[in-house]
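Enquirer: Below is data_9.tsv; it holds TSV, C-alpha atoms.
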```tsv
chain	number	residue	atom	x	y	z
T	1	MET	CA	-24.07	-30.38	18.87
T	2	ASN	CA	-26.92	-27.94	18.45
T	3	LYS	CA	-28.11	-27.68	14.83
T	4	GLN	CA	-27.80	-23.91	14.89
T	5	THR	CA	-24.09	-23.83	15.63
T	6	MET	CA	-20.96	-24.78	13.74
T	7	ASP	CA	-17.31	-25.36	14.57
T	8	PHE	CA	-14.41	-23.55	12.93
T	9	PHE	CA	-10.93	-22.24	13.77
T	10	VAL	CA	-9.62	-18.75	14.44
T	11	ASN	CA	-5.81	-18.47	14.43
T	12	ASP	CA	-5.74	-22.26	14.96
T	13	SER	CA	-7.96	-22.12	18.08
T	14	PRO	CA	-11.30	-23.96	17.93
T	15	ARG	CA	-14.40	-21.76	17.97
T	16	GLN	CA	-18.15	-22.29	17.82
T	17	GLY	CA	-20.60	-19.84	16.27
T	18	LEU	CA	-24.11	-19.54	14.91
T	19	ILE	CA	-24.74	-20.68	11.36
T	20	GLY	CA	-24.95	-17.59	9.15
T	21	LEU	CA	-22.16	-15.75	11.00
T	22	SER	CA	-20.24	-13.38	8.70
T	23	LEU	CA	-16.54	-12.54	8.92
T	24	ALA	CA	-17.50	-9.06	10.12
T	25	GLY	CA	-19.66	-10.60	12.85
T	26	LEU	CA	-16.85	-12.93	13.82
T	27	LEU	CA	-14.32	-10.07	14.16
T	28	LEU	CA	-16.70	-8.23	16.49
T	29	ALA	CA	-17.36	-11.43	18.46
T	30	GLU	CA	-13.59	-11.78	18.86
T	31	GLY	CA	-13.49	-8.38	20.53
T	32	LEU	CA	-11.70	-6.51	17.77
T	33	GLY	CA	-14.33	-3.78	17.41
T	34	ARG	CA	-13.53	-0.27	18.64
T	35	GLY	CA	-15.78	2.73	19.13
T	36	GLU	CA	-19.55	3.06	18.94
T	37	PRO	CA	-20.89	1.55	16.76
T	38	PRO	CA	-17.91	-0.82	16.95
T	39	GLN	CA	-15.65	-0.90	13.90
T	40	ILE	CA	-12.57	-2.93	13.09
T	41	PRO	CA	-9.53	-0.63	13.26
T	42	ALA	CA	-7.20	-0.11	10.30
T	43	GLY	CA	-4.22	-2.42	10.06
T	44	VAL	CA	-6.22	-5.63	10.37
T	45	ALA	CA	-6.31	-8.27	7.63
T	46	VAL	CA	-8.32	-11.48	7.45
T	47	ALA	CA	-7.87	-14.68	5.48
T	48	LEU	CA	-10.43	-17.43	5.05
T	49	ASN	CA	-8.80	-20.79	4.36
T	50	GLN	CA	-5.60	-18.94	3.36
T	51	ALA	CA	-7.36	-16.60	0.89
T	52	VAL	CA	-7.18	-12.93	1.89
T	53	ILE	CA	-10.65	-11.37	2.09
T	54	PRO	CA	-10.80	-7.60	1.44
T	55	ARG	CA	-12.31	-5.50	4.21
T	56	LEU	CA	-15.22	-4.47	1.98
T	57	LYS	CA	-16.31	-8.10	1.71
T	58	TRP	CA	-16.16	-9.01	5.42
T	59	ALA	CA	-19.86	-8.32	5.98
T	60	LEU	CA	-20.85	-10.38	2.94
T	61	THR	CA	-18.62	-13.38	3.56
T	62	PRO	CA	-20.19	-16.18	5.60
T	63	VAL	CA	-18.16	-18.47	7.83
T	64	ALA	CA	-18.77	-22.18	7.17
T	65	ALA	CA	-18.23	-25.21	9.38
T	66	GLY	CA	-14.60	-26.31	9.34
T	67	ASP	CA	-13.29	-22.98	8.04
T	68	ARG	CA	-9.88	-21.79	9.13
T	69	ILE	CA	-9.79	-18.04	9.68
T	70	ASP	CA	-6.56	-16.13	10.23
T	71	ILE	CA	-6.71	-12.64	11.70
T	72	PHE	CA	-3.55	-10.55	11.35
T	73	SER	CA	-2.71	-7.09	12.61
T	74	VAL	CA	0.07	-4.61	12.01
T	75	ILE	CA	2.66	-4.41	14.78
T	76	ALA	CA	6.02	-2.68	15.25
T	77	GLY	CA	8.98	-4.23	13.45
T	78	GLY	CA	12.21	-3.56	11.61
M	79	MET	CA	22.98	20.90	1.36
M	80	GLN	CA	21.00	18.47	-0.72
M	81	THR	CA	21.96	15.03	-1.92
M	82	GLN	CA	20.51	13.58	-5.10
M	83	PRO	CA	17.08	12.06	-4.49
M	84	LEU	CA	16.78	8.29	-4.43
M	85	LYS	CA	14.25	6.62	-6.71
M	86	ILE	CA	12.77	3.21	-6.01
M	87	ALA	CA	10.01	1.85	-8.23
M	88	GLY	CA	9.20	5.36	-9.45
M	89	ARG	CA	8.90	6.85	-5.96
M	90	SER	CA	11.37	9.56	-4.99
M	91	PHE	CA	12.99	9.82	-1.56
M	92	ALA	CA	14.86	12.90	-0.35
M	93	SER	CA	16.04	11.04	2.76
M	94	ARG	CA	18.26	8.02	2.31
M	95	LEU	CA	17.69	6.87	5.88
M	96	PHE	CA	15.00	4.21	6.14
M	97	THR	CA	13.79	3.34	9.61
M	98	GLY	CA	12.08	0.53	11.49
M	99	THR	CA	9.38	0.75	14.14
M	100	GLY	CA	10.47	-2.13	16.39
M	101	LYS	CA	11.77	-2.03	19.98
M	102	PHE	CA	10.78	1.56	20.87
M	103	ALA	CA	9.69	2.05	24.48
M	104	SER	CA	6.41	3.61	23.32
M	105	ALA	CA	4.52	4.42	20.14
M	106	GLU	CA	4.90	8.12	20.94
M	107	LEU	CA	8.69	7.86	21.19
M	108	MET	CA	8.73	5.88	17.95
M	109	ALA	CA	6.82	8.61	16.14
M	110	GLN	CA	9.06	11.36	17.54
M	111	ALA	CA	12.24	9.51	16.56
M	112	ILE	CA	11.02	8.76	13.03
M	113	ALA	CA	10.00	12.39	12.61
M	114	ALA	CA	13.44	13.51	13.83
M	115	SER	CA	15.18	11.12	11.44
M	116	GLY	CA	13.50	12.71	8.42
M	117	SER	CA	12.90	9.18	7.16
M	118	GLU	CA	10.31	8.79	4.42
M	119	LEU	CA	10.06	5.00	4.51
M	120	THR	CA	9.54	2.97	7.65
M	121	THR	CA	9.02	-0.73	8.22
M	122	LEU	CA	6.30	-2.52	10.14
M	123	ALA	CA	5.55	-6.17	10.82
M	124	ILE	CA	2.27	-8.02	10.56
M	125	LYS	CA	1.43	-10.90	12.87
M	126	ARG	CA	-1.53	-13.00	13.91
M	127	VAL	CA	-3.49	-11.08	16.52
M	128	LYS	CA	-3.42	-12.53	20.01
M	129	LEU	CA	-7.11	-11.71	20.45
M	130	THR	CA	-6.46	-10.22	23.87
M	131	GLY	CA	-7.98	-6.91	22.94
M	132	GLU	CA	-4.76	-4.95	22.35
M	133	ASP	CA	-4.95	-2.28	19.68
M	134	PRO	CA	-2.56	-1.66	16.81
M	135	GLN	CA	-1.59	1.71	18.30
M	136	ILE	CA	1.34	2.00	15.98
M	137	LEU	CA	-0.53	2.86	12.81
M	138	ALA	CA	-2.26	6.13	13.72
M	139	PRO	CA	0.95	7.98	14.72
M	140	LEU	CA	2.69	6.79	11.52
M	141	ARG	CA	-0.20	7.92	9.35
M	142	GLY	CA	0.08	11.27	11.13
M	143	LEU	CA	3.72	11.57	10.02
M	144	GLY	CA	2.82	10.92	6.39
M	145	VAL	CA	5.73	8.47	6.08
M	146	ASN	CA	5.58	5.67	3.49
M	147	LEU	CA	4.98	2.27	5.08
M	148	LEU	CA	6.97	-0.83	4.22
M	149	PRO	CA	5.47	-3.97	5.77
M	150	ASN	CA	7.87	-6.86	6.28
M	151	THR	CA	7.28	-10.60	6.19
M	152	SER	CA	9.28	-11.26	9.34
M	153	GLY	CA	8.19	-14.50	10.99
M	154	ALA	CA	7.82	-16.32	7.68
M	155	ARG	CA	10.05	-19.40	7.40
M	156	THR	CA	9.27	-20.36	3.80
M	157	ALA	CA	8.51	-18.65	0.49
M	158	GLU	CA	4.91	-19.78	0.77
M	159	GLU	CA	4.47	-18.24	4.22
M	160	ALA	CA	6.15	-15.01	3.10
M	161	CYS	CA	3.82	-14.65	0.11
M	162	TYR	CA	0.83	-15.22	2.39
M	163	VAL	CA	2.02	-12.56	4.84
M	164	ALA	CA	2.73	-10.14	1.97
M	165	ARG	CA	-0.83	-10.51	0.67
M	166	LEU	CA	-2.23	-9.93	4.17
M	167	ALA	CA	-0.01	-6.87	4.60
M	168	ARG	CA	-1.17	-5.45	1.29
M	169	GLU	CA	-4.75	-5.73	2.48
M	170	ALA	CA	-4.03	-4.41	5.99
M	171	LEU	CA	-2.07	-1.36	4.85
M	172	GLY	CA	-3.17	-0.72	1.29
M	173	THR	CA	0.38	-0.83	-0.07
M	174	HIS	CA	1.89	-3.23	-2.56
M	175	TRP	CA	5.39	-2.52	-1.29
M	176	VAL	CA	6.89	-5.30	0.80
M	177	LYS	CA	10.15	-5.93	2.58
M	178	LEU	CA	10.66	-9.62	1.96
M	179	GLU	CA	12.21	-11.27	5.01
M	180	ILE	CA	12.59	-15.00	5.47
M	181	HIS	CA	14.84	-16.00	8.34
M	182	PRO	CA	13.96	-19.34	9.88
M	183	ASP	CA	16.99	-19.50	12.22
M	184	PRO	CA	16.27	-17.62	15.47
M	185	ARG	CA	19.91	-17.37	16.63
M	186	TYR	CA	21.39	-15.33	13.81
M	187	LEU	CA	18.23	-14.45	11.84
M	188	MET	CA	20.14	-15.11	8.63
M	189	PRO	CA	17.92	-14.73	5.58
M	190	ASP	CA	17.26	-17.94	3.64
M	191	PRO	CA	18.53	-17.23	0.10
M	192	ILE	CA	16.65	-20.04	-1.64
M	193	GLU	CA	13.25	-19.25	-0.13
M	194	THR	CA	13.83	-15.50	-0.54
M	195	LEU	CA	14.50	-15.84	-4.27
M	196	LYS	CA	11.47	-18.13	-4.73
M	197	ALA	CA	9.21	-15.71	-2.87
M	198	ALA	CA	10.62	-12.71	-4.75
M	199	GLU	CA	9.81	-14.31	-8.11
M	200	GLN	CA	6.25	-15.07	-6.99
M	201	LEU	CA	5.56	-11.67	-5.41
M	202	VAL	CA	6.89	-9.76	-8.43
M	203	LYS	CA	4.48	-11.80	-10.58
M	204	GLU	CA	1.66	-10.72	-8.27
M	205	GLY	CA	2.51	-7.04	-8.75
M	206	PHE	CA	4.35	-6.35	-5.51
M	207	VAL	CA	7.23	-3.89	-5.22
M	208	VAL	CA	9.68	-6.28	-3.57
M	209	LEU	CA	12.61	-5.17	-1.41
M	210	PRO	CA	14.31	-8.34	-0.21
M	211	TYR	CA	16.42	-8.57	2.95
M	212	CYS	CA	19.27	-10.85	1.94
M	213	GLY	CA	22.80	-11.93	2.69
M	214	ALA	CA	25.60	-9.78	1.29
M	215	ASP	CA	26.04	-12.19	-1.61
M	216	PRO	CA	26.74	-10.45	-4.94
M	217	MET	CA	25.41	-13.37	-7.00
M	218	LEU	CA	22.21	-13.61	-5.00
M	219	CYS	CA	21.66	-9.84	-5.25
M	220	LYS	CA	22.04	-10.10	-9.02
M	221	ARG	CA	19.52	-12.94	-9.14
M	222	LEU	CA	17.06	-10.97	-7.02
M	223	GLU	CA	17.47	-8.01	-9.36
M	224	GLU	CA	16.83	-10.27	-12.37
M	225	ALA	CA	13.73	-11.60	-10.62
M	226	GLY	CA	12.36	-8.06	-10.73
M	227	CYS	CA	13.04	-6.78	-7.21
M	228	ALA	CA	12.87	-2.99	-6.93
M	229	ALA	CA	15.95	-2.86	-4.68
M	230	VAL	CA	18.14	-5.24	-2.71
M	231	MET	CA	18.74	-5.06	1.02
M	232	PRO	CA	21.94	-6.90	1.88
M	233	LEU	CA	22.91	-7.13	5.52
M	234	GLY	CA	25.82	-5.32	7.16
M	235	ALA	CA	25.74	-7.70	10.12
M	236	ALA	CA	23.17	-9.81	11.97
M	237	ILE	CA	19.89	-8.04	12.79
M	238	GLY	CA	20.10	-6.00	15.98
M	239	SER	CA	23.79	-6.86	16.49
M	240	ASN	CA	25.17	-3.29	16.12
M	241	GLN	CA	28.38	-4.70	14.62
M	242	GLY	CA	28.54	-2.44	11.58
M	243	LEU	CA	29.74	-3.39	8.10
M	244	THR	CA	31.12	-6.87	8.74
M	245	THR	CA	30.32	-7.63	5.08
M	246	ARG	CA	32.09	-4.56	3.68
M	247	GLN	CA	34.03	-6.28	0.85
M	248	MET	CA	30.97	-8.09	-0.46
M	249	LEU	CA	28.82	-4.97	-0.17
M	250	GLN	CA	31.32	-3.12	-2.38
M	251	ILE	CA	30.94	-5.76	-5.09
M	252	ILE	CA	27.14	-5.65	-4.77
M	253	MET	CA	27.10	-1.85	-5.12
M	254	GLU	CA	29.45	-1.99	-8.09
M	255	GLN	CA	27.29	-4.54	-9.94
M	256	SER	CA	23.76	-3.64	-8.96
M	257	GLY	CA	21.31	-2.17	-11.43
M	258	VAL	CA	18.78	-1.51	-8.67
M	259	PRO	CA	19.22	0.55	-5.48
M	260	VAL	CA	21.22	-1.11	-2.70
M	261	VAL	CA	19.88	-0.53	0.80
M	262	VAL	CA	22.24	-1.74	3.51
M	263	ASP	CA	20.03	-3.24	6.18
M	264	ALA	CA	20.72	-4.73	9.58
M	265	GLY	CA	23.62	-4.50	11.98
M	266	LEU	CA	24.32	-0.77	11.66
M	267	GLY	CA	24.93	0.15	15.28
M	268	ALA	CA	26.39	3.66	15.11
M	269	PRO	CA	26.07	6.71	12.85
M	270	SER	CA	29.66	6.06	11.67
M	271	HIS	CA	28.54	2.66	10.30
M	272	ALA	CA	25.77	4.36	8.33
M	273	ALA	CA	28.18	7.01	7.01
M	274	GLU	CA	30.62	4.27	5.99
M	275	ALA	CA	27.90	2.44	4.03
M	276	MET	CA	26.90	5.65	2.26
M	277	GLU	CA	30.52	6.58	1.43
M	278	LEU	CA	30.93	3.12	-0.13
M	279	GLY	CA	28.01	3.93	-2.42
M	280	ALA	CA	24.96	2.47	-0.73
M	281	ASP	CA	21.78	4.12	-2.04
M	282	ALA	CA	20.22	4.06	1.42
M	283	VAL	CA	20.49	2.37	4.81
M	284	LEU	CA	17.84	0.96	7.10
M	285	VAL	CA	18.29	1.49	10.82
M	286	ASN	CA	16.01	0.32	13.59
M	287	THR	CA	17.60	-1.11	16.75
M	288	ALA	CA	20.42	1.44	17.05
M	289	ILE	CA	17.86	4.26	17.13
M	290	ALA	CA	15.10	2.52	19.07
M	291	VAL	CA	17.22	1.38	22.02
M	292	ALA	CA	19.49	4.44	22.21
M	293	GLY	CA	19.63	6.46	25.42
M	294	ASN	CA	17.78	9.20	23.56
M	295	PRO	CA	16.20	7.74	20.41
M	296	VAL	CA	15.07	11.13	19.08
M	297	VAL	CA	18.58	12.63	19.16
M	298	MET	CA	20.11	9.38	17.91
M	299	ALA	CA	17.73	9.48	14.95
M	300	GLN	CA	19.06	12.95	14.11
M	301	ALA	CA	22.64	11.69	14.48
M	302	PHE	CA	21.94	8.91	11.97
M	303	ALA	CA	20.28	11.37	9.59
M	304	LEU	CA	23.36	13.62	9.67
M	305	ALA	CA	25.69	10.66	9.16
M	306	VAL	CA	23.69	9.36	6.19
M	307	GLN	CA	23.69	12.80	4.61
M	308	ALA	CA	27.42	13.30	5.24
M	309	GLY	CA	28.26	9.89	3.82
M	310	ARG	CA	26.16	10.45	0.74
M	311	LEU	CA	27.55	13.96	0.10
M	312	ALA	CA	31.06	12.52	0.34
M	313	TYR	CA	30.18	9.76	-2.12
M	314	GLU	CA	28.61	12.19	-4.59
M	315	HIS	CA	31.44	14.72	-4.48
M	316	GLY	CA	34.57	12.71	-5.05
M	317	LEU	CA	36.32	11.03	-2.16
M	318	GLY	CA	40.10	11.04	-2.50
M	319	ALA	CA	41.99	7.95	-3.57
M	320	VAL	CA	43.56	5.75	-0.91
M	321	SER	CA	47.36	5.55	-1.09
M	322	GLN	CA	49.85	3.28	0.65
M	323	ARG	CA	52.42	6.10	1.06
M	324	ALA	CA	52.22	9.68	2.31
M	325	VAL	CA	51.32	12.39	-0.18
M	326	ALA	CA	52.45	15.86	0.97
M	327	SER	CA	49.69	18.40	1.50
M	328	SER	CA	51.93	21.31	0.41
M	329	PRO	CA	54.69	21.30	-2.20
M	330	LEU	CA	58.16	20.68	-0.82
M	331	ASP	CA	59.91	24.10	-0.93
M	332	PRO	CA	63.37	24.67	-2.43
M	333	PHE	CA	64.95	25.01	0.99
M	334	LEU	CA	63.77	21.60	2.04
M	335	LEU	CA	64.69	20.12	-1.31
M	336	ARG	CA	68.23	21.48	-0.98
M	337	LEU	CA	68.56	19.91	2.42
M	338	LEU	CA	67.39	16.63	1.02
M	339	GLU	CA	69.85	16.78	-1.87
M	340	ASP	CA	72.80	18.01	0.19
M	341	PRO	CA	72.40	17.07	3.81
M	342	ALA	CA	75.89	18.41	4.66
```
Starting from the file, lay out its structure as structure tokens.
Expert:
Amino acid sequence: MNKQTMDFFVNDSPRQGLIGLSLAGLLLAEGLGRGEPPQIPAGVAVALNQAVIPRLKWALTPVAAGDRIDIFSVIAGG
Amino acid sequence: MQTQPLKIAGRSFASRLFTGTGKFASAELMAQAIAASGSELTTLAIKRVKLTGEDPQILAPLRGLGVNLLPNTSGARTAEEACYVARLAREALGTHWVKLEIHPDPRYLMPDPIETLKAAEQLVKEGFVVLPYCGADPMLCKRLEEAGCAAVMPLGAAIGSNQGLTTRQMLQIIMEQSGVPVVVDAGLGAPSHAAEAMELGADAVLVNTAIAVAGNPVVMAQAFALAVQAGRLAYEHGLGAVSQRAVASSPLDPFLLRLLEDPA
């Protein structure tokens, strides 16, 4: 494995990313950004190793090797 | 004609019809039906994104309506999972209200009473306004109330089944005993079912499937709104007592009485 990359999980699927990647960067890399410049739409929530991370902290929160990230979104329901 | 407003956790609701956002053919139709229903509280779900690029198109139209949002924990099978989903929903929607739903069995979607009570206790501790979906069990509803839930949401029948108040007798006991609002949730398939629940003394009802899959969801939403209002007005203004025998609507006149006394 290249020294510059790390392995982690997004919604239980294995992923590889550059060391130093933030949660905000990850969400954009996952294609969740909308508009120009791309922003993550309302109704999305993220947890890092089961701890919910507030939207305001996404840009400041680094992803580490082995992390498990869950990305949730609001959908229709009763 | 106005009914008394409903208060849950300090928030006042003029409409006693709560709605769900599931199963509508489009987000536009959903928004139109919810607007037509007059509902001020509507449920949503929160799920792991599939990462296929689809947008949560549902939120913008709901924000446009100004309706209060009630995220549910549907999909959770344990108290731990439900608490996790509730925390994610709070972050995603900026509300600490949650409809607690834990139904691990996919066939009947019956709520798990043990896990629901455990999750309710935990979420109340964390500052959530908890509205638990639960079986129509008077003892359980009392325990949920004691745990600090803001309301209880006992089921009329299985989710999406349209069967109406199959739990009528138990619901009556729950309404008689409850110190928090009782919202009859699930299984209400026709406006008459909603009216029946309100006449019994339900504080509100939650309807989703019966509106969403109707031939015309917008008109059906209005029909449910009228039924809920009619049922509530009837409850507030003194329904007559039920009697085993006939009670004449006009006094028996002397002529008739004479005939009765002296048939010859």
Enquirer: Quick one: contact table of chain T to chain M, 12 Å max, nearest atom pair and distance in Å to one decimal per residue, counting all atoms listed in the file, chain and number order, as a Markdown table?
Expert:
```
| residue | atom | partner | partner_atom | distance |
| --- | --- | --- | --- | --- |
| T:Val10 | CA | M:Leu129 | CA | 9.6 |
| T:Asn11 | CA | M:Arg126 | CA | 7.0 |
| T:Asp12 | CA | M:Arg126 | CA | 10.2 |
| T:Ser13 | CA | M:Leu129 | CA | 10.7 |
| T:Leu26 | CA | M:Leu129 | CA | 11.8 |
| T:Leu27 | CA | M:Leu129 | CA | 9.7 |
| T:Leu28 | CA | M:Gly131 | CA | 10.9 |
| T:Ala29 | CA | M:Leu129 | CA | 10.4 |
| T:Glu30 | CA | M:Leu129 | CA | 6.7 |
| T:Gly31 | CA | M:Gly131 | CA | 6.2 |
| T:Leu32 | CA | M:Gly131 | CA | 6.4 |
| T:Gly33 | CA | M:Gly131 | CA | 9.0 |
| T:Arg34 | CA | M:Asp133 | CA | 8.9 |
| T:Gly35 | CA | M:Asp133 | CA | 11.9 |
| T:Ile40 | CA | M:Asp133 | CA | 10.1 |
| T:Pro41 | CA | M:Pro134 | CA | 7.9 |
| T:Ala42 | CA | M:Ala170 | CA | 6.9 |
| T:Gly43 | CA | M:Ala170 | CA | 4.5 |
| T:Val44 | CA | M:Ala170 | CA | 5.0 |
| T:Ala45 | CA | M:Ala170 | CA | 4.8 |
| T:Val46 | CA | M:Leu166 | CA | 7.1 |
| T:Ala47 | CA | M:Leu166 | CA | 7.5 |
| T:Leu48 | CA | M:Leu166 | CA | 11.1 |
| T:Asn49 | CA | M:Tyr162 | CA | 11.3 |
| T:Gln50 | CA | M:Tyr162 | CA | 7.5 |
| T:Ala51 | CA | M:Tyr162 | CA | 8.4 |
| T:Val52 | CA | M:Leu166 | CA | 6.2 |
| T:Ile53 | CA | M:Glu169 | CA | 8.2 |
| T:Pro54 | CA | M:Glu169 | CA | 6.4 |
| T:Arg55 | CA | M:Glu169 | CA | 7.8 |
| T:Leu56 | CA | M:Glu169 | CA | 10.6 |
| T:Lys57 | CA | M:Glu169 | CA | 11.8 |
| T:Ile69 | CA | M:Arg126 | CA | 10.6 |
| T:Asp70 | CA | M:Arg126 | CA | 7.0 |
| T:Ile71 | CA | M:Arg126 | CA | 5.6 |
| T:Phe72 | CA | M:Arg126 | CA | 4.1 |
| T:Ser73 | CA | M:Ile124 | CA | 5.5 |
| T:Val74 | CA | M:Ile124 | CA | 4.3 |
| T:Ile75 | CA | M:Ala123 | CA | 5.2 |
| T:Ala76 | CA | M:Gly100 | CA | 4.6 |
| T:Gly77 | CA | M:Gly100 | CA | 3.9 |
| T:Gly78 | CA | M:Gly98 | CA | 4.1 |
```
Enquirer: Quote the spacing between CA of Ala229 in chain M and CA of Met253 in chain M in Å to one decimal place.
Expert: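 So the answer is 11.2 Å.
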Enquirer: What is the distance between CA of Glu106 in chain M and CA of His271 in chain M, in Å to one decimal?
Expert: 26.5 Å
Enquirer: Neighbouring residues of Leu278 in chain M were defined as those with any atom within 7 Å, considering only C-alpha atoms; residues of the same chain fewer than 3 positions away were excluded. Please report them as a ChimeraX atom specification.
Expert: /M:250,274-275,313
Enquirer: Please indicate the distance in Å from CA of Asp190 in chain M to CA of Pro210 in chain M, rounded to one decimal place.
Expert: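 It comes out at 10.8 Å.
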Enquirer: Determine, counting all atoms listed in the file, every residue of protein, DNA or RNA that lies within 10 Å of (26.5, 12.5, 2.8) in the file coordinates, then give the result as an MDAnalysis selection string.
Expert: chainID M and resid 79:82 94 272:274 276:277 303:315
Enquirer: Let me make sure I understand: among T:Ala24, T:Gln39, T:Gly17, T:Gln4, which one has the smallest atom-to-atom distance to Asp67 in chain T if we use all atoms listed in the file?
Expert: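 Among T:Ala24, T:Gln39, T:Gly17, T:Gln4, it is T:Gly17 that comes nearest to Asp67 in chain T.
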Enquirer: Output, as AutoDock Vina command-line options, the centre and edge lengths in Å (one decimal) of the axis-aligned box that contains all listed atoms of range 263-271 of chain M with 3 Å of margin on each side.
Expert:
```
--center_x 24.8 --center_y 1.0 --center_z 10.7 --size_x 15.6 --size_y 17.4 --size_z 15.1
```
Enquirer: For Val261 in chain M, find every residue with an atom within 6 Å (counting all atoms listed in the file), except residues of its own chain fewer than 3 positions away, and show them as a PyMOL selection string.
Expert: chain M and resi 231+281-283
Enquirer: Once you have the residues from the selection above, write them out as a compact mmCIF listing (two decimals), in the coordinates of the input, restricted to C-alpha atoms.
Expert:
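Final output, again24.txt:
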```txt
# COMPACT_ATOMS: atom_id res chain seq x y z
CA MET M 231 18.74 -5.06 1.02
CA ASP M 281 21.78 4.12 -2.04
CA ALA M 282 20.22 4.06 1.42
CA VAL M 283 20.49 2.37 4.81
```
Enquirer: Residues at most 6 Å from range 192-209 of chain M, counting only C-alpha atoms, excluding those fewer than 2 positions away in the same chain, as a PDB file with C-alpha atoms, in the coordinates of the input?
Expert:
```pdb
ATOM      1  CA  THR M 156       9.270 -20.360   3.800  1.00  0.00           C
ATOM      2  CA  ALA M 157       8.510 -18.650   0.490  1.00  0.00           C
ATOM      3  CA  HIS M 174       1.890  -3.230  -2.560  1.00  0.00           C
ATOM      4  CA  TRP M 175       5.390  -2.520  -1.290  1.00  0.00           C
ATOM      5  CA  VAL M 176       6.890  -5.300   0.800  1.00  0.00           C
ATOM      6  CA  LYS M 177      10.150  -5.930   2.580  1.00  0.00           C
ATOM      7  CA  LEU M 178      10.660  -9.620   1.960  1.00  0.00           C
ATOM      8  CA  ASP M 190      17.260 -17.940   3.640  1.00  0.00           C
ATOM      9  CA  ALA M 225      13.730 -11.600 -10.620  1.00  0.00           C
ATOM     10  CA  CYS M 227      13.040  -6.780  -7.210  1.00  0.00           C
ATOM     11  CA  ALA M 228      12.870  -2.990  -6.930  1.00  0.00           C
ATOM     12  CA  ALA M 229      15.950  -2.860  -4.680  1.00  0.00           C
ATOM     13  CA  VAL M 230      18.140  -5.240  -2.710  1.00  0.00           C
TER      14      VAL M 230
END
```
Enquirer: Would you kindly return, as a PyMOL selection string, each protein, DNA or RNA residue with an atom no farther than 9 Å from any atom of Leu143 in chain M, considering all atoms listed in the file and excluding same-chain residues fewer than 6 positions away?
Expert: chain M and resi 109+112-113
Enquirer: Would you put the residues from that selection into a file with C-alpha atoms, as a PDB file, in the coordinates of the input?
Expert:
```
ATOM      1  CA  ALA M 109       6.820   8.610  16.140  1.00  0.00           C
ATOM      2  CA  ILE M 112      11.020   8.760  13.030  1.00  0.00           C
ATOM      3  CA  ALA M 113      10.000  12.390  12.610  1.00  0.00           C
TER       4      ALA M 113
END
```
Enquirer: Can you tell me, as a ChimeraX atom specification, which residues sit within 12 Å of (25.1, -1.3, -11.1) in the file's frame, using only C-alpha atoms?
Expert: /M:216,219-220,223,229-230,250-260,279-281
Enquirer: Please dump the current selection as a JSON list (two decimals), keeping the file's coordinate frame; keep C-alpha atoms.
Expert:
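The resulting file, selection.json, is shown below:
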```json
[["chain", "number", "residue", "atom", "x", "y", "z"],
["M", 216, "PRO", "CA", 26.74, -10.45, -4.94],
["M", 219, "CYS", "CA", 21.66, -9.84, -5.25],
["M", 220, "LYS", "CA", 22.04, -10.10, -9.02],
["M", 223, "GLU", "CA", 17.47, -8.01, -9.36],
["M", 229, "ALA", "CA", 15.95, -2.86, -4.68],
["M", 230, "VAL", "CA", 18.14, -5.24, -2.71],
["M", 250, "GLN", "CA", 31.32, -3.12, -2.38],
["M", 251, "ILE", "CA", 30.94, -5.76, -5.09],
["M", 252, "ILE", "CA", 27.14, -5.65, -4.77],
["M", 253, "MET", "CA", 27.10, -1.85, -5.12],
["M", 254, "GLU", "CA", 29.45, -1.99, -8.09],
["M", 255, "GLN", "CA", 27.29, -4.54, -9.94],
["M", 256, "SER", "CA", 23.76, -3.64, -8.96],
["M", 257, "GLY", "CA", 21.31, -2.17, -11.43],
["M", 258, "VAL", "CA", 18.78, -1.51, -8.67],
["M", 259, "PRO", "CA", 19.22, 0.55, -5.48],
["M", 260, "VAL", "CA", 21.22, -1.11, -2.70],
["M", 279, "GLY", "CA", 28.01, 3.93, -2.42],
["M", 280, "ALA", "CA", 24.96, 2.47, -0.73],
["M", 281, "ASP", "CA", 21.78, 4.12, -2.04]]
```
Enquirer: If I only have part of range 210-216 of chain M, can you fill in N, CA and C atoms and write it as a PDB file, in the frame of the given file?
Expert:
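Output below, filename selection37.pdb:
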```pdb
ATOM      1  N   PRO M 210      13.935  -7.172  -0.999  1.00  0.00           N
ATOM      2  CA  PRO M 210      14.310  -8.340  -0.210  1.00  0.00           C
ATOM      3  C   PRO M 210      15.486  -8.088   0.736  1.00  0.00           C
ATOM      4  N   TYR M 211      15.313  -8.499   1.990  1.00  0.00           N
ATOM      5  CA  TYR M 211      16.420  -8.570   2.950  1.00  0.00           C
ATOM      6  C   TYR M 211      17.193  -9.829   2.609  1.00  0.00           C
ATOM      7  N   CYS M 212      18.507  -9.690   2.412  1.00  0.00           N
ATOM      8  CA  CYS M 212      19.270 -10.850   1.940  1.00  0.00           C
ATOM      9  C   CYS M 212      20.691 -10.797   2.481  1.00  0.00           C
ATOM     10  N   GLY M 213      21.386 -11.904   2.334  1.00  0.00           N
ATOM     11  CA  GLY M 213      22.800 -11.930   2.690  1.00  0.00           C
ATOM     12  C   GLY M 213      23.572 -11.036   1.733  1.00  0.00           C
ATOM     13  N   ALA M 214      24.779 -10.642   2.153  1.00  0.00           N
ATOM     14  CA  ALA M 214      25.600  -9.780   1.290  1.00  0.00           C
ATOM     15  C   ALA M 214      26.318 -10.652   0.275  1.00  0.00           C
ATOM     16  N   ASP M 215      25.544 -11.251  -0.607  1.00  0.00           N
ATOM     17  CA  ASP M 215      26.040 -12.190  -1.610  1.00  0.00           C
ATOM     18  C   ASP M 215      25.818 -11.558  -2.992  1.00  0.00           C
ATOM     19  N   PRO M 216      26.889 -11.163  -3.659  1.00  0.00           N
ATOM     20  CA  PRO M 216      26.740 -10.450  -4.940  1.00  0.00           C
ATOM     21  C   PRO M 216      25.929 -11.235  -5.972  1.00  0.00           C
TER      22      PRO M 216
END
```
